[in-house]
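Q: Input protein_15.txt, format and content: compact mmCIF, C-alpha atoms (C1' of nucleotides).
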```txt
# COMPACT_ATOMS: atom_id res chain seq x y z
CA MET M 14 34.81 26.15 17.29
CA PRO M 15 31.52 27.47 16.13
CA ASN M 16 30.03 25.38 13.42
CA LYS M 17 27.73 22.48 13.98
CA THR M 18 28.65 20.82 10.72
CA ASP M 19 32.31 20.95 11.63
CA ARG M 20 31.60 19.48 14.99
CA GLN M 21 29.69 16.64 13.41
CA ARG M 22 32.55 16.03 11.06
CA ALA M 23 34.86 15.80 14.06
CA ILE M 24 32.44 13.41 15.68
CA ARG M 25 32.46 11.24 12.63
CA GLU M 26 36.21 11.11 12.58
CA LEU M 27 36.43 10.17 16.23
CA ILE M 28 33.72 7.57 15.91
CA GLU M 29 35.40 5.91 13.00
CA ALA M 30 38.86 6.06 14.49
CA ARG M 31 38.06 4.13 17.61
CA PRO M 32 35.29 2.54 19.61
CA ILE M 33 33.35 5.10 21.58
CA GLY M 34 30.87 3.68 24.00
CA SER M 35 29.03 6.62 25.46
CA GLN M 36 28.16 10.20 24.79
CA GLU M 37 30.13 11.23 27.84
CA GLU M 38 33.23 9.61 26.44
CA LEU M 39 32.66 11.31 23.14
CA ARG M 40 32.18 14.60 24.95
CA ARG M 41 35.53 14.29 26.65
CA LEU M 42 37.29 13.45 23.41
CA LEU M 43 35.72 16.39 21.67
CA PHE M 44 36.72 18.61 24.54
CA GLY M 45 40.31 17.56 23.98
CA ARG M 46 39.96 18.70 20.40
CA GLY M 47 38.60 22.07 21.37
CA TRP M 48 34.85 21.52 21.31
CA ASP M 49 32.99 22.13 24.51
CA VAL M 50 29.41 20.94 24.35
CA THR M 51 27.03 19.07 26.61
CA GLN M 52 25.80 15.55 26.35
CA SER M 53 22.41 16.88 25.26
CA THR M 54 23.94 18.31 22.16
CA LEU M 55 25.74 15.11 21.37
CA SER M 56 22.56 13.14 21.77
CA ARG M 57 21.03 15.38 19.14
CA ASP M 58 24.07 15.20 16.91
CA LEU M 59 24.25 11.45 16.98
CA ARG M 60 20.61 11.16 16.19
CA GLU M 61 20.92 13.61 13.34
CA MET M 62 23.88 11.73 11.95
CA ARG M 63 22.03 8.46 12.34
CA LEU M 64 24.81 6.97 14.36
CA ALA M 65 23.69 3.86 16.18
CA ARG M 66 24.90 2.39 19.39
CA VAL M 67 25.83 -1.13 18.44
CA PRO M 68 26.78 -3.91 20.83
CA THR M 69 30.14 -5.49 20.13
CA GLY M 70 32.03 -8.37 21.62
CA ASP M 71 33.12 -6.37 24.60
CA GLY M 72 30.83 -3.46 25.21
CA VAL M 73 29.16 -1.11 22.84
CA ARG M 74 30.19 1.46 20.27
CA TYR M 75 28.69 4.09 18.08
CA ALA M 76 28.82 3.37 14.38
CA PHE M 77 27.20 4.05 11.07
CA THR M 78 24.76 1.40 9.94
CA SER M 79 23.50 0.31 6.59
CA ALA M 80 20.02 0.14 8.04
CA ALA M 81 20.01 3.86 8.55
CA MET M 82 20.88 4.46 4.92
CA ALA M 83 18.11 2.44 3.38
CA GLU M 84 15.49 4.99 4.17
CA ASP M 85 15.22 7.69 1.64
CA ARG M 86 17.23 8.96 -1.29
CA PRO M 87 18.42 12.38 -0.36
CA ARG M 88 20.17 14.52 -2.89
CA LEU M 89 23.88 14.86 -3.21
CA GLU M 90 23.86 18.16 -1.39
CA GLU M 91 22.55 16.43 1.67
CA LEU M 92 24.64 13.30 1.42
CA MET M 93 28.03 14.79 0.72
CA PRO M 94 28.52 16.95 3.80
CA ARG M 95 27.55 13.93 5.81
CA PHE M 96 29.66 11.26 4.15
CA PHE M 97 32.40 12.91 2.18
CA GLN M 98 35.94 12.14 3.20
CA GLN M 99 38.18 12.71 0.23
CA VAL M 100 38.50 12.52 -3.53
CA ASP M 101 41.44 11.55 -5.59
CA GLY M 102 42.02 10.42 -9.11
CA VAL M 103 44.15 9.43 -12.09
CA SER M 104 43.46 9.85 -15.76
CA GLU M 105 39.75 9.16 -16.24
CA LEU M 106 39.23 7.56 -12.89
CA CYS M 107 38.05 9.33 -9.80
CA VAL M 108 37.99 7.69 -6.38
CA LEU M 109 35.71 9.05 -3.75
CA HIS M 110 36.03 7.96 -0.14
CA THR M 111 33.03 8.22 2.13
CA ALA M 112 32.16 7.35 5.69
CA ALA M 113 31.32 3.72 6.24
CA GLY M 114 28.20 2.70 4.38
CA GLY M 115 28.03 5.97 2.51
CA ALA M 116 29.26 4.78 -0.86
CA GLN M 117 26.08 3.14 -2.01
CA PRO M 118 23.70 6.05 -1.50
CA VAL M 119 26.21 8.65 -2.66
CA ALA M 120 26.93 6.72 -5.83
CA GLU M 121 23.26 6.43 -6.51
CA ALA M 122 22.87 10.14 -6.09
CA ILE M 123 25.76 10.79 -8.46
CA ASP M 124 24.10 8.57 -11.03
CA LEU M 125 20.88 10.47 -10.66
CA ALA M 126 22.68 13.77 -11.09
CA GLN M 127 23.57 12.68 -14.62
CA TRP M 128 26.66 14.79 -14.94
CA PRO M 129 27.85 14.76 -18.54
CA GLU M 130 31.47 14.12 -17.51
CA VAL M 131 30.52 10.96 -15.68
CA MET M 132 30.28 7.72 -17.55
CA GLY M 133 29.30 5.60 -14.60
CA THR M 134 30.05 4.63 -11.01
CA ILE M 135 30.85 1.55 -8.99
CA ALA M 136 30.28 1.62 -5.27
CA GLY M 137 31.61 -0.60 -2.53
CA GLU M 138 31.16 -0.09 1.16
CA ASN M 139 32.89 3.24 1.55
CA THR M 140 34.61 3.82 -1.77
CA ILE M 141 33.20 4.86 -5.10
CA LEU M 142 34.92 4.55 -8.42
CA ILE M 143 33.70 7.16 -10.84
CA ILE M 144 34.59 6.54 -14.42
CA CYS M 145 34.78 9.78 -16.38
CA ARG M 146 34.88 10.45 -20.07
CA SER M 147 38.17 12.32 -19.91
CA ALA M 148 40.92 13.35 -17.56
CA ALA M 149 39.78 16.93 -17.80
CA GLY M 150 36.25 15.92 -16.93
CA ARG M 151 37.58 13.98 -13.98
CA GLU M 152 39.28 17.04 -12.58
CA LYS M 153 36.12 19.01 -12.93
CA ILE M 154 34.21 16.33 -11.09
CA GLN M 155 36.75 16.25 -8.30
CA ARG M 156 36.41 19.96 -7.75
CA LYS M 157 32.67 19.68 -7.74
CA LEU M 158 32.72 16.86 -5.22
CA ARG M 159 35.12 18.66 -2.91
CA LEU M 160 32.86 21.64 -2.94
CA LEU M 161 29.84 19.54 -2.11
CA GLY M 162 31.76 17.84 0.67
CA ARG M 163 32.52 21.03 2.49
CA ALA M 164 30.34 21.95 5.43
CA ASP M 165 26.91 23.04 4.25
CA GLY M 166 27.77 22.11 0.67
CA MET I 24 7.65 -20.90 26.46
CA PRO I 25 10.87 -22.19 27.76
CA ASN I 26 13.67 -21.75 25.35
CA LYS I 27 15.88 -18.76 25.06
CA THR I 28 16.88 -19.59 21.53
CA ASP I 29 13.28 -19.71 20.45
CA ARG I 30 12.60 -16.42 22.11
CA GLN I 31 15.46 -14.81 20.31
CA ARG I 32 14.17 -16.18 17.07
CA ALA I 33 10.84 -14.56 17.78
CA ILE I 34 12.62 -11.34 18.58
CA ARG I 35 14.42 -11.39 15.27
CA GLU I 36 11.19 -11.94 13.41
CA LEU I 37 9.48 -9.07 15.15
CA ILE I 38 12.43 -6.75 14.73
CA GLU I 39 12.64 -7.44 11.05
CA ALA I 40 8.94 -7.21 10.48
CA ARG I 41 8.46 -3.70 11.79
CA PRO I 42 10.13 -0.82 13.54
CA ILE I 43 10.43 -1.41 17.25
CA GLY I 44 11.65 1.52 19.22
CA SER I 45 12.03 0.32 22.78
CA GLN I 46 12.52 -2.79 24.79
CA GLU I 47 9.20 -2.16 26.49
CA GLU I 48 7.45 -2.16 23.13
CA LEU I 49 9.22 -5.35 22.19
CA ARG I 50 8.19 -6.87 25.51
CA ARG I 51 4.55 -6.15 24.85
CA LEU I 52 4.71 -7.63 21.38
CA LEU I 53 6.38 -10.75 22.69
CA PHE I 54 3.77 -11.01 25.39
CA GLY I 55 1.11 -11.07 22.70
CA ARG I 56 2.90 -14.02 21.15
CA GLY I 57 3.02 -15.90 24.40
CA TRP I 58 6.40 -14.90 25.78
CA ASP I 59 6.42 -13.30 29.18
CA VAL I 60 9.78 -11.87 30.11
CA THR I 61 11.06 -8.69 31.63
CA GLN I 62 12.76 -5.84 29.92
CA SER I 63 16.03 -6.82 31.61
CA THR I 64 16.00 -10.08 29.76
CA LEU I 65 15.38 -8.33 26.50
CA SER I 66 18.25 -5.99 27.14
CA ARG I 67 20.46 -9.03 27.45
CA ASP I 68 18.94 -10.70 24.43
CA LEU I 69 19.40 -7.70 22.19
CA ARG I 70 22.98 -7.32 23.27
CA GLU I 71 23.64 -10.97 22.64
CA MET I 72 22.08 -10.75 19.21
CA ARG I 73 24.07 -7.61 18.47
CA LEU I 74 20.94 -5.72 17.61
CA ALA I 75 21.56 -2.00 17.56
CA ARG I 76 19.23 0.86 18.27
CA VAL I 77 19.46 2.98 15.18
CA PRO I 78 17.96 6.43 14.69
CA THR I 79 15.67 6.75 11.70
CA GLY I 80 13.81 9.62 10.15
CA ASP I 81 11.11 9.56 12.77
CA GLY I 82 12.30 7.92 15.92
CA VAL I 83 14.45 4.95 16.53
CA ARG I 84 14.35 1.24 15.81
CA TYR I 85 16.27 -1.88 16.58
CA ALA I 86 18.03 -3.45 13.64
CA PHE I 87 20.89 -5.63 12.58
CA THR I 88 23.91 -3.73 11.45
CA SER I 89 26.82 -4.43 9.21
CA ALA I 90 29.03 -2.69 11.72
CA ALA I 91 28.37 -5.47 14.18
CA MET I 92 29.77 -7.98 11.72
CA ALA I 93 32.94 -6.11 10.91
CA GLU I 94 34.21 -6.25 14.42
CA ASP I 95 37.34 -8.20 14.26
CA ARG I 96 39.60 -7.03 11.50
CA PRO I 97 42.17 -9.70 10.82
CA ARG I 98 45.34 -8.50 9.20
CA LEU I 99 46.28 -9.06 5.63
CA GLU I 100 48.90 -11.59 6.58
CA GLU I 101 46.19 -13.79 7.98
CA LEU I 102 43.62 -13.24 5.27
CA MET I 103 45.71 -13.54 2.14
CA PRO I 104 47.00 -17.08 2.55
CA ARG I 105 43.45 -18.08 3.12
CA PHE I 106 41.70 -16.26 0.29
CA PHE I 107 44.22 -15.29 -2.36
CA GLN I 108 43.76 -16.71 -5.83
CA GLN I 109 45.39 -14.41 -8.32
CA VAL I 110 46.28 -10.85 -9.20
CA ASP I 111 46.32 -9.11 -12.51
CA GLY I 112 46.30 -5.55 -13.76
CA VAL I 113 46.55 -2.85 -16.39
CA SER I 114 47.92 0.64 -16.05
CA GLU I 115 46.81 1.86 -12.63
CA LEU I 116 44.25 -0.85 -12.06
CA CYS I 117 44.86 -4.05 -10.22
CA VAL I 118 42.36 -6.88 -10.03
CA LEU I 119 42.63 -9.33 -7.19
CA HIS I 120 40.69 -12.57 -7.22
CA THR I 121 39.90 -14.27 -3.97
CA ALA I 122 38.00 -17.28 -2.77
CA ALA I 123 34.26 -16.75 -2.46
CA GLY I 124 33.39 -14.20 0.18
CA GLY I 125 36.97 -13.16 0.63
CA ALA I 126 36.86 -9.90 -1.26
CA GLN I 127 35.16 -7.80 1.38
CA PRO I 128 37.45 -8.57 4.33
CA VAL I 129 40.61 -8.58 2.24
CA ALA I 130 39.76 -5.22 0.71
CA GLU I 131 39.14 -3.80 4.13
CA ALA I 132 42.50 -5.04 5.30
CA ILE I 133 44.16 -3.47 2.27
CA ASP I 134 42.47 -0.19 3.10
CA LEU I 135 43.70 -0.37 6.66
CA ALA I 136 47.22 -1.10 5.49
CA GLN I 137 47.24 2.33 3.90
CA TRP I 138 49.82 1.59 1.29
CA PRO I 139 50.94 4.78 -0.38
CA GLU I 140 50.62 3.30 -3.84
CA VAL I 141 46.98 2.45 -3.27
CA MET I 142 44.35 5.06 -3.83
CA GLY I 143 41.42 2.91 -2.90
CA THR I 144 39.69 -0.42 -3.30
CA ILE I 145 36.32 -1.69 -4.31
CA ALA I 146 35.27 -5.17 -3.38
CA GLY I 147 32.56 -7.38 -4.74
CA GLU I 148 32.00 -10.97 -3.75
CA ASN I 149 35.30 -12.50 -4.83
CA THR I 150 36.96 -9.77 -6.83
CA ILE I 151 38.67 -6.61 -5.69
CA LEU I 152 39.51 -3.67 -7.83
CA ILE I 153 42.53 -1.82 -6.48
CA ILE I 154 43.08 1.62 -7.87
CA CYS I 155 46.73 2.63 -7.70
CA ARG I 156 48.41 5.98 -8.17
CA SER I 157 50.61 4.80 -10.97
CA ALA I 158 51.34 1.83 -13.15
CA ALA I 159 54.65 1.34 -11.40
CA GLY I 160 52.92 1.39 -8.07
CA ARG I 161 50.48 -1.16 -9.33
CA GLU I 162 53.24 -3.56 -10.21
CA LYS I 163 54.73 -3.14 -6.80
CA ILE I 164 51.38 -3.89 -5.22
CA GLN I 165 50.94 -6.98 -7.33
CA ARG I 166 54.26 -8.33 -6.20
CA LYS I 167 53.44 -7.57 -2.61
CA LEU I 168 50.09 -9.31 -2.87
CA ARG I 169 51.51 -12.38 -4.52
CA LEU I 170 54.00 -12.63 -1.72
CA LEU I 171 51.34 -12.31 0.93
CA GLY I 172 49.26 -14.89 -0.87
CA ARG I 173 51.84 -17.62 -0.46
CA ALA I 174 51.20 -19.96 2.43
CA ASP I 175 52.24 -18.34 5.68
CA GLY I 176 52.42 -15.01 3.84
C1' DA P 2 21.38 49.42 14.69
C1' DT P 3 16.57 47.10 15.76
C1' DG P 4 12.98 43.61 15.67
C1' DG P 5 11.55 39.09 14.57
C1' DA P 6 11.83 34.31 12.91
C1' DC P 7 14.37 30.35 13.52
C1' DA P 8 18.29 27.31 14.68
C1' DA P 9 21.37 25.84 18.36
C1' DT P 10 22.47 24.99 23.06
C1' DG P 11 22.48 24.07 28.20
C1' DA P 12 20.33 22.67 32.50
C1' DA P 13 17.26 19.85 34.49
C1' DT P 14 14.46 15.99 34.19
C1' DA P 15 12.23 12.10 32.11
C1' DA P 16 12.68 7.90 29.59
C1' DT P 17 15.23 4.03 28.57
C1' DC P 18 18.75 0.66 29.04
C1' DT P 19 22.28 -1.98 31.83
C1' DT P 20 23.90 -4.64 35.61
C1' DG P 21 24.83 -6.80 40.37
C1' DC P 22 22.80 -10.07 42.95
C1' DA P 23 19.82 -13.70 44.58
C1' DA P 24 16.45 -16.98 43.27
C1' DA P 25 14.75 -20.15 39.90
C1' DT P 26 15.55 -23.39 36.25
C1' DC P 27 18.07 -26.55 33.36
C1' DG P 28 21.18 -30.52 32.27
C1' DC P 29 23.55 -34.27 33.97
C1' DT P 30 25.14 -37.90 36.89
C1' DC P 31 24.37 -41.03 40.34
C1' DG Y 18 14.29 -38.61 42.24
C1' DA Y 19 18.37 -36.08 44.71
C1' DG Y 20 22.48 -33.48 44.13
C1' DC Y 21 25.25 -30.13 41.90
C1' DG Y 22 27.34 -26.80 38.66
C1' DA Y 23 26.04 -23.80 35.00
C1' DT Y 24 22.66 -20.94 32.80
C1' DT Y 25 18.77 -17.93 32.82
C1' DT Y 26 15.80 -14.58 34.86
C1' DG Y 27 13.54 -10.95 37.76
C1' DC Y 28 14.15 -7.18 40.70
C1' DA Y 29 15.82 -2.90 41.77
C1' DA Y 30 19.55 0.26 41.69
C1' DG Y 31 22.75 2.48 38.62
C1' DA Y 32 24.12 4.38 34.22
C1' DT Y 33 23.16 6.33 29.93
C1' DT Y 34 20.40 8.69 26.61
C1' DA Y 35 16.35 11.59 25.14
C1' DT Y 36 13.52 15.53 25.75
C1' DT Y 37 11.40 19.74 27.63
C1' DC Y 38 11.79 24.40 28.50
C1' DA Y 39 14.21 28.62 28.60
C1' DT Y 40 17.96 31.16 26.75
C1' DT Y 41 21.24 32.56 23.48
C1' DG Y 42 22.94 33.32 18.94
C1' DT Y 43 22.22 34.19 13.74
C1' DC Y 44 20.46 35.90 9.77
C1' DC Y 45 17.73 38.91 7.29
C1' DA Y 46 14.56 42.90 6.33
C1' DT Y 47 13.78 47.06 7.82
```
Could you render the structure as structure tokens?

A:
Amino acid sequence: MPNKTDRQRAIRELIEARPIGSQEELRRLLFGRGWDVTQSTLSRDLREMRLARVPTGDGVRYAFTSAAMAEDRPRLEELMPRFFQQVDGVSELCVLHTAAGGAQPVAEAIDLAQWPEVMGTIAGENTILIICRSAAGREKIQRKLRLLGRADG
Amino acid sequence: MPNKTDRQRAIRELIEARPIGSQEELRRLLFGRGWDVTQSTLSRDLREMRLARVPTGDGVRYAFTSAAMAEDRPRLEELMPRFFQQVDGVSELCVLHTAAGGAQPVAEAIDLAQWPEVMGTIAGENTILIICRSAAGREKIQRKLRLLGRADG
DNA sequence: ATGGACAATGAATAATCTTGCAAATCGCTC
DNA sequence: GAGCGATTTGCAAGATTATTCATTGTCCAT
């Protein structure tokens, strides 16, 4: 498994799926999925992905934080590979799922992009509702978003 | 300075006021304010306060996280009787009203339930927008929610 | 293909955080 | 005030994470 972006996507999935308390543990899980990297690399990955080690009731786990988001306003091309999970839609509505905490910044970036097909957005914690001007426009938007979500946009 | 609670209050103020990247740094700052404790104690304090060490653009800082809050995820059957107020909807959209503050946790529980008819949810303070895949699906969801909303769901 | 700039990685090591344990302190009751 | 259980803390060892340095791999432009 070559790609760093793919590995980080795998990391994100693992992290969100269950509590992971150390980089060693994460390393073992990744190994099971076919990635063989050292703890050093994971340290760098986690930092790059802004994953924090947060104390919980019983132990500690890596997780995304809202604090990490509220820093800068990167463009969509930077946000999407990091947060994108899936898009779906009906008629003029498009629903975009992101990693936890990703909805707010991504929605803001979509607003800034000022795509003509997009009428507006509403963002929750990890879901964005994109209201489009037409069903056709919605499909176009979905394709665009999927593309942006792929590794290295 | 005797009290642990007071110390933790001071810690929170410092943490919120500026980026603090290590427990040693925090220790020094506290010392300047009259608190003299060891790093061990701070480790325990931070854990107790659920303060996470989150990576930022340039370094790392302690901060409160939303992830720390969303630890226990009660199931829908427990949440609905407590928060449900009413459901309504048009075409593929379903609007669920809850008691104040109930929207966020309830929406999360709906997400976790992964109902096939539900495409996604967006929660505000006391209102949830549920986007369904079809109008028929929406009606099914509404019935299901009403049922769950009855006492002892 | 070859050379060079630059990103990615591992191994070793440094920096930082966590924890077991014993001592000190606190809160109560007598 | 003395006694006693529970809480808090420091110390030092243990565990985890970050970083340095060297190496490898990639992507062009020749």

Q: Within 12 Å of chain P, which residues belong to chain M? Use all atoms listed in the file and report them as a list in words.

A: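 Therefore, the residues near the partner are Pro15, Asn16, Lys17, Thr18, Asp49, Val50, Thr51, Gln52, Ser53, Thr54, Leu55, Ser56, Arg57, Asp58, Arg66, Gly72 and Val73 of chain M.
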
Q: Suppose we keep C-alpha atoms; can you now write the selection as an mmCIF file, in the frame of the given file?

A:
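Output below, filename result.cif:
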```cif
data_model
loop_
_atom_site.group_PDB
_atom_site.id
_atom_site.type_symbol
_atom_site.label_atom_id
_atom_site.label_comp_id
_atom_site.auth_asym_id
_atom_site.auth_seq_id
_atom_site.Cartn_x
_atom_site.Cartn_y
_atom_site.Cartn_z
ATOM 1 C CA PRO M 15 31.520 27.470 16.130
ATOM 2 C CA ASN M 16 30.030 25.380 13.420
ATOM 3 C CA LYS M 17 27.730 22.480 13.980
ATOM 4 C CA THR M 18 28.650 20.820 10.720
ATOM 5 C CA ASP M 49 32.990 22.130 24.510
ATOM 6 C CA VAL M 50 29.410 20.940 24.350
ATOM 7 C CA THR M 51 27.030 19.070 26.610
ATOM 8 C CA GLN M 52 25.800 15.550 26.350
ATOM 9 C CA SER M 53 22.410 16.880 25.260
ATOM 10 C CA THR M 54 23.940 18.310 22.160
ATOM 11 C CA LEU M 55 25.740 15.110 21.370
ATOM 12 C CA SER M 56 22.560 13.140 21.770
ATOM 13 C CA ARG M 57 21.030 15.380 19.140
ATOM 14 C CA ASP M 58 24.070 15.200 16.910
ATOM 15 C CA ARG M 66 24.900 2.390 19.390
ATOM 16 C CA GLY M 72 30.830 -3.460 25.210
ATOM 17 C CA VAL M 73 29.160 -1.110 22.840
#
```

Q: Find, counting all atoms listed in the file, the residue in Y:DA29, Y:DA23, Y:DC38, Y:DC44 that gets nearest to chain I.

A: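 Result for the nearest residue to chain I: Y:DA29.
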
Q: Give the padded box for segment 18-28 of chain P as AutoDock Vina command-line options: axis-aligned, covering all atoms listed in the file, 6 Å on each side, centre and edge lengths in Å to one decimal.

A:
```
--center_x 19.8 --center_y -14.9 --center_z 36.8 --size_x 22.1 --size_y 43.2 --size_z 27.5
```

Q: Report the Cα RMSD between chain M and chain I after least-squares superposition, pairing every C-alpha atom in order.

A: 11.3 Å

Q: Could you write out as a PyMOL selection string the residues of chain I within 12 Å of chain M, counting all atoms listed in the file?

A: chain I and resi 39+42+66-95+114-116+126-128+130-131+134-135+141-148+150-158

Q: What is the distance between atom CA of Thr111 of chain M and atom CA of Arg40 of chain M, in Å to one decimal?

A: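 The value is 23.7 Å.
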
Q: With distances taken over only C-alpha atoms (C1' of nucleotides), which of Y:DG31, Y:DT26, Y:DG42, Y:DG20 is nearest to chain M?

A: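 Under the stated criterion, the closest residue is Y:DG42.
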
Q: Kindly give the distance, in Å, that separates atom CA of Arg30 of chain I and atom CA of Glu47 of chain I, rounded to a single decimal.

A: 15.3 Å

Q: Provide the atom CA of Arg151 of chain M to atom CA of Glu162 of chain I distance in Å, to one decimal place.

A: 23.8 Å

Q: Pull the neighbourhood of (41.9, -22.0, 1.3) for me: all residues within 9 Å in file coordinates, counting all atoms listed in the file, as number ranges by chain.

A: I: 104-107, 122

Q: Could you write out as an mmCIF file with C-alpha atoms (C1' of nucleotides), keeping the file's coordinate frame the residues of chain Y within 12 Å of chain I, counting only C-alpha atoms (C1' of nucleotides)?

A:
```
data_model
loop_
_atom_site.group_PDB
_atom_site.id
_atom_site.type_symbol
_atom_site.label_atom_id
_atom_site.label_comp_id
_atom_site.auth_asym_id
_atom_site.auth_seq_id
_atom_site.Cartn_x
_atom_site.Cartn_y
_atom_site.Cartn_z
ATOM 1 C "C1'" DT Y 24 22.660 -20.940 32.800
ATOM 2 C "C1'" DT Y 25 18.770 -17.930 32.820
ATOM 3 C "C1'" DT Y 26 15.800 -14.580 34.860
ATOM 4 C "C1'" DG Y 27 13.540 -10.950 37.760
ATOM 5 C "C1'" DC Y 28 14.150 -7.180 40.700
ATOM 6 C "C1'" DA Y 29 15.820 -2.900 41.770
ATOM 7 C "C1'" DT Y 34 20.400 8.690 26.610
ATOM 8 C "C1'" DA Y 35 16.350 11.590 25.140
#
```

Q: Fewer than 4 positions away in the same chain doesn't count, so skip those; otherwise give me all residues within 7 Å of Ile133 of chain I, counting only C-alpha atoms (C1' of nucleotides), as a ChimeraX atom specification.

A: /I:99,129,137
